[in-house]
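To keep things clear, I will list the structure first and then write my remarks on it.
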Amino acid sequence: AGLSDTTVTSVAFLFPMAKAIAATGWLEILVSIVLGTPGSHFAGIVRLCLLVGPLSAIVNNTPVTAMMVPVLQGWCSRMGFDVAKFGIPLAFSAQLGGGLTLMGSPTNFAARKTYLKCGFQLGFFELTVVAAPLFFLGVIFFAIVAPRMLGGKMSAPPLRRAVSAEERDGFFRIGFKISRGAFARGNLKVDKAGFERMAGVGGVKIALRDGEQ
């Protein structure tokens, strides 16, 4: 029981690794590239499940879920999506993805020990044949049901601090305020904000003070 079980300690060691990966920033970049800028909750949930499932099979579904929660919240905020519609698909796609390989879930480790006592060796991809169809059925189910049953009926509200908007030379230009000190603290980086990936955005121009850029 407890730390005497290698299954518990094996999963516990994965959390520092997951935290280190998240701290590098590569996970957020990968999520932004893979999820992109979908036009609906349906497309966003499909992309999320197809990212989280295989990732859970390679790493482990428990730390993957923990890593993805803050990244998903930030992405939904940028896209104007209701994050409540993505929480359950995230958790269950990670659970289903964890069944794709022996490494994917702590339950698989426990089952492997039980099988060893019976003289049967559970292979790394032993569960894939059964788990893969279930995973894709789950993706379809989440994409159809989650947008209709989870969260509110409205997407996240747009920015309320818009200070100017005008049409010039065939382009619609909009300006908005950013909290004081955001650039100084390094909390906002234009090249990683995702503006260039949004449909219809042709460029981003920043004025820090009195026309200084």
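If you're wondering about the labels, chains in the structure tokens are A, B, ... by order shown, residues count from 1 in each chain, ligands from 1 in order shown.
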
Practice item. Pick out the residues sitting within 12 Å of A:Pro38, and hand them over as a list in words; count only C-alpha atoms, and ignore anything fewer than 5 positions along from it in its own chain. Key: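 Non-adjacent residues within range: Ser32, Ile33, Ala43, Gly44, Ile45, Val46, Arg47, Leu48, Trp75, Cys76, Arg78, Met79, Gly80, Phe81, Arg197, Met198 and Ala199 of chain A.
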
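In this model, the gap between atom CA of A:Thr101 and atom CA of A:Phe125 comes to 5.0 Å.
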
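Comparing the minimum interatomic distances between A:Phe92 and each of A:Gly138, A:Pro106, A:Pro147, A:Gly36, counting only C-alpha atoms, we find that A:Gly138 sits nearest.
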
**Study point:** Nearest to A:Ile58, chosen from A:Leu127, A:Met103, A:Ala146, A:Lys113, with only C-alpha atoms counted in the distances
**Key:**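 Selected residue with least distance to A:Ile58: A:Met103.
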
Exercise for review: Fewer than 2 positions away in the same chain doesn't count, so skip those; otherwise give me all residues within 7 Å of A:Phe124, counting only C-alpha atoms, as a PyMOL selection string.
Suggested key: chain A and resi 101-102+122+126

Point to revise | From A:Ser40, A:Glu28, A:Leu96, A:Gly123, residue lying nearest A:Val69 [only C-alpha atoms] | key: A:Glu28

Practice item. Measuring atom to atom with only C-alpha atoms, identify which of A:Leu100, A:Ala110, A:Leu51, A:Leu27 is nearest to A:Val139. Key: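 Ranked by minimum distance to A:Val139, first place goes to A:Leu51.
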
Review point. Smallest atom-to-atom distance to A:Val64: which of A:Leu134, A:Ile21, A:Ile88, A:Val34, using only C-alpha atoms?
Key: A:Ile21

Exercise for review: Tell me which protein, DNA and RNA residues are within 8 Å of A:Gln121, counting only C-alpha atoms, leaving out same-chain ones fewer than 3 positions away, and put them as a PyMOL selection string.
Suggested key: chain A and resi 112+115-116

Would you mind exporting the chosen residues as a compact mmCIF listing (two decimals), in the first residue's frame, restricted to C-alpha atoms?
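Saved file selection_5.txt follows:
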# COMPACT_ATOMS: atom_id res chain seq x y z
CA ARG A 112 -0.19 -5.48 -15.49
CA TYR A 115 -1.73 -10.30 -14.97
CA LEU A 116 1.90 -11.08 -14.08
